[in-house]
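Have a look at the structure below, then the notes.
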Amino acid sequence: MNKLVVFIKNEIVMLLSFVLAVASAFFVTPSKEYINYIDYRTLILLFSLMTIMAGLNKLGVFKILAEKLLGKVKTLFGLVLTFVLLCFFSSMIITNDVSLITFVPFTIVTFKMAGESKKLIYTVTLETVAANLGSMLTPIGNPQNLYLFSAYNMNILDFFKTIATYALLSLVLLIIATFLVGTKKVSVSDTYITEKINVRILCFYILLFVLALLSVFRVVHFIILLAVIIVAVFIIDKKSLAKVDYSLLLTFVFLFIFIGNLGNIPGISDFLHNVVEGNEVITGVITSQVFSNVPAAILLSGFTNNAQMLLIGVNLGGLGTIIASMASLISFKFIQKENVKSSKYLLVFSVINIVFLILNLCLWLIIK
């Protein structure tokens with residue numbers, strides 16, 4: 001029974017998307033048309049990138065980078081800023097989820113050794129915001145970006161122009177917020193023992209990552225990428241295949257079916273078109289607070305052609321509630337294992353997220 005409860009808690013978004021898909025099937029009879037609902041390119045790109053990042057993370061590449069940087073830190077401000085910037089910039093490449101999985105546990109260990117556990121809640125919250133906002137700057141930074149970039153066949157320059165201003169504001173706000181921890185002297189040098197990386201496997205994953213990028217930008221066909229990833233990783237490092245978040249892939253499939261069916265129910269389809277079109281940013285933000293921003297992106301994309309505004313809406317929508325971005329739950333799970341009150345973390349998290357959301361929305365109102 002306990003295992004079932006844990007499973008439901010961990011996979012609530014996937015289960016909800018499954019229920020929606022099944023419910024919609026009562027209104028649109030299942031047929032071969034269901035197969036056409038699914039965006040196979042997005043699923044394959046997401047699977048490939050998650051596999052590559054799982055392999056790199058297993059090698060300890062990102063942790064070693066962090067250790068090198070932390071060896072130069074002398075103040076609390078420097079310590080917090082290092083972790084925040086690591087999450088912000090690394091998430092652009094390794095995704096917000098992987099960034100938090102990598103650096104939040106590392107942060108907890110570091111702060112304990114430095115005797116600064118009291119600053120953990122504030123620091124982990126900033127890291128979470130940094131990962132969610134830094135990841136929005138690239139098409140591969142988070143699942144919703146990868147989906148929208150693929151589904152709308154977006155131009156890379158238009159993508160950057162759309163989101164860069166918000167990423168820059170967020171970076172400035174994060175640096176300002178980091179100043180609030182003070183400049184107390186700390187020492188984290190010689191804390192870690194760096195393990196050697198298998199250079200052969202590292203080069204292997206770098207080549208796969210280059211191939212994945214070529215596929216994202218439509219230079220290499222996604223079927224070729226899939227074949228290479230499965231065969232090569234199975235032969236060289238098959239354990240990484242078990243680290244892929246398959247529940248996220250299933251969530252995408254269920255949502256594709258749900259949205260495809262909604263599009264075939266005239267009354268609902270017309271209503272959603274009227275609500276979403278012209279209000280992509282606001283509906284993206286609001287919908288993300290309830291369903292989280294990945295499902296929101298998939299849901300709303302079926303009812304608007306304005307990719308740029310939807311991109312802004314679902315990325316800013318990752319701010320706000322703890323479920324607005326599923327990546328935020330990763331940090332929350334880690335912090336729950338520590339001797340801190342969950343209610344205090346949620347309060348700090350909510351206040352900081354709301355402030356960042358309001359300021360980014362103000363920027364949108366100014367430049368729209």
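Residues in the structure tokens are numbered from 1 in each chain, the chains being A, B, ... in the order shown, and ligands are numbered from 1 in the order shown.
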Practice task
Considering only C-alpha atoms, return as a ChimeraX atom specification whatever protein or nucleic-acid residues lie within 6 Å of segment 134-145 of chain A, sequence-local ones (same chain, fewer than 6 positions apart) excluded.
Solution key: /A:88-89,91-93,95-96,294,297
Filtering to N, CA, C and O atoms, could you give me those residues as a PDB file, in the first residue's frame?
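Listing of result37.pdb after writing:
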```
ATOM      1  N   PHE A  88      21.816  27.760 -13.269  1.00  0.00           N
ATOM      2  CA  PHE A  88      21.279  28.626 -14.324  1.00  0.00           C
ATOM      3  C   PHE A  88      21.875  28.270 -15.684  1.00  0.00           C
ATOM      4  O   PHE A  88      21.148  28.037 -16.652  1.00  0.00           O
ATOM      5  N   PHE A  89      23.203  28.197 -15.746  1.00  0.00           N
ATOM      6  CA  PHE A  89      23.851  27.986 -17.045  1.00  0.00           C
ATOM      7  C   PHE A  89      23.879  26.512 -17.473  1.00  0.00           C
ATOM      8  O   PHE A  89      23.717  26.209 -18.652  1.00  0.00           O
ATOM      9  N   SER A  91      21.665  24.274 -16.848  1.00  0.00           N
ATOM     10  CA  SER A  91      20.320  23.841 -17.251  1.00  0.00           C
ATOM     11  C   SER A  91      20.030  24.125 -18.717  1.00  0.00           C
ATOM     12  O   SER A  91      19.185  23.474 -19.327  1.00  0.00           O
ATOM     13  N   MET A  92      20.733  25.086 -19.302  1.00  0.00           N
ATOM     14  CA  MET A  92      20.547  25.399 -20.720  1.00  0.00           C
ATOM     15  C   MET A  92      20.944  24.221 -21.608  1.00  0.00           C
ATOM     16  O   MET A  92      20.434  24.062 -22.721  1.00  0.00           O
ATOM     17  N   ILE A  93      21.858  23.388 -21.091  1.00  0.00           N
ATOM     18  CA  ILE A  93      22.380  22.271 -21.883  1.00  0.00           C
ATOM     19  C   ILE A  93      21.927  20.922 -21.332  1.00  0.00           C
ATOM     20  O   ILE A  93      21.506  20.042 -22.066  1.00  0.00           O
ATOM     21  N   THR A  95      19.442  20.341 -19.132  1.00  0.00           N
ATOM     22  CA  THR A  95      18.037  20.453 -18.728  1.00  0.00           C
ATOM     23  C   THR A  95      17.906  20.814 -17.249  1.00  0.00           C
ATOM     24  O   THR A  95      18.784  20.520 -16.439  1.00  0.00           O
ATOM     25  N   ASN A  96      16.769  21.429 -16.920  1.00  0.00           N
ATOM     26  CA  ASN A  96      16.538  21.872 -15.538  1.00  0.00           C
ATOM     27  C   ASN A  96      16.475  20.686 -14.568  1.00  0.00           C
ATOM     28  O   ASN A  96      16.978  20.755 -13.452  1.00  0.00           O
ATOM     29  N   VAL A 294       4.954  21.713 -18.613  1.00  0.00           N
ATOM     30  CA  VAL A 294       5.110  20.795 -19.750  1.00  0.00           C
ATOM     31  C   VAL A 294       3.740  20.382 -20.302  1.00  0.00           C
ATOM     32  O   VAL A 294       3.475  20.546 -21.503  1.00  0.00           O
ATOM     33  N   ALA A 297       2.104  23.359 -22.050  1.00  0.00           N
ATOM     34  CA  ALA A 297       2.630  23.643 -23.393  1.00  0.00           C
ATOM     35  C   ALA A 297       1.978  22.748 -24.441  1.00  0.00           C
ATOM     36  O   ALA A 297       1.566  23.204 -25.513  1.00  0.00           O
TER      37      ALA A 297
END
```
Exercise for the section: Using only C-alpha atoms, determine which residues lie at most 9 Å from Thr107 of chain A, disregarding the query and same-chain residues fewer than 4 positions distant; provide the list as a VMD selection string. Expected result: chain A and resid 80 83 103 111 to 112 120 123 to 124
Could you build a table of the residues in segment 254-326 of chain A lying no more than 8 Å from segment 25-30 of chain A, giving for each the nearest pair of atoms and their separation in Å rounded to one decimal place, using only C-alpha atoms, ordered by chain and ascending residue number, as a tab-separated table?
```
residue	atom	partner	partner_atom	distance
A:Phe258	CA	A:Ala25	CA	7.9
A:Asn261	CA	A:Val28	CA	6.0
A:Asn264	CA	A:Val28	CA	7.2
A:Ile265	CA	A:Phe27	CA	7.5
```
Exercise for the section: From a DSSP calculation on the backbone, collect every residue of segment 162-342 of chain A in helix (DSSP H, G or I) and output the set as a PyMOL selection string. Expected result: chain A and resi 162-179+199-216+222-243+246-262+266-276+280-291+293-301+307-316+326-336+342
Completion exercise
With distances taken over only C-alpha atoms, the candidate from A:Asn339, A:Ser240, A:Ser215, A:Gln289 nearest Ile52 of chain A is A:Ser240
Handout entry: Residue nearest Thr165 of chain A - candidates A:Lys3, A:Ile335, A:Ile312, A:Thr75, atoms counted: only C-alpha atoms
Key =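 Under the stated criterion, the closest residue is A:Ile312.
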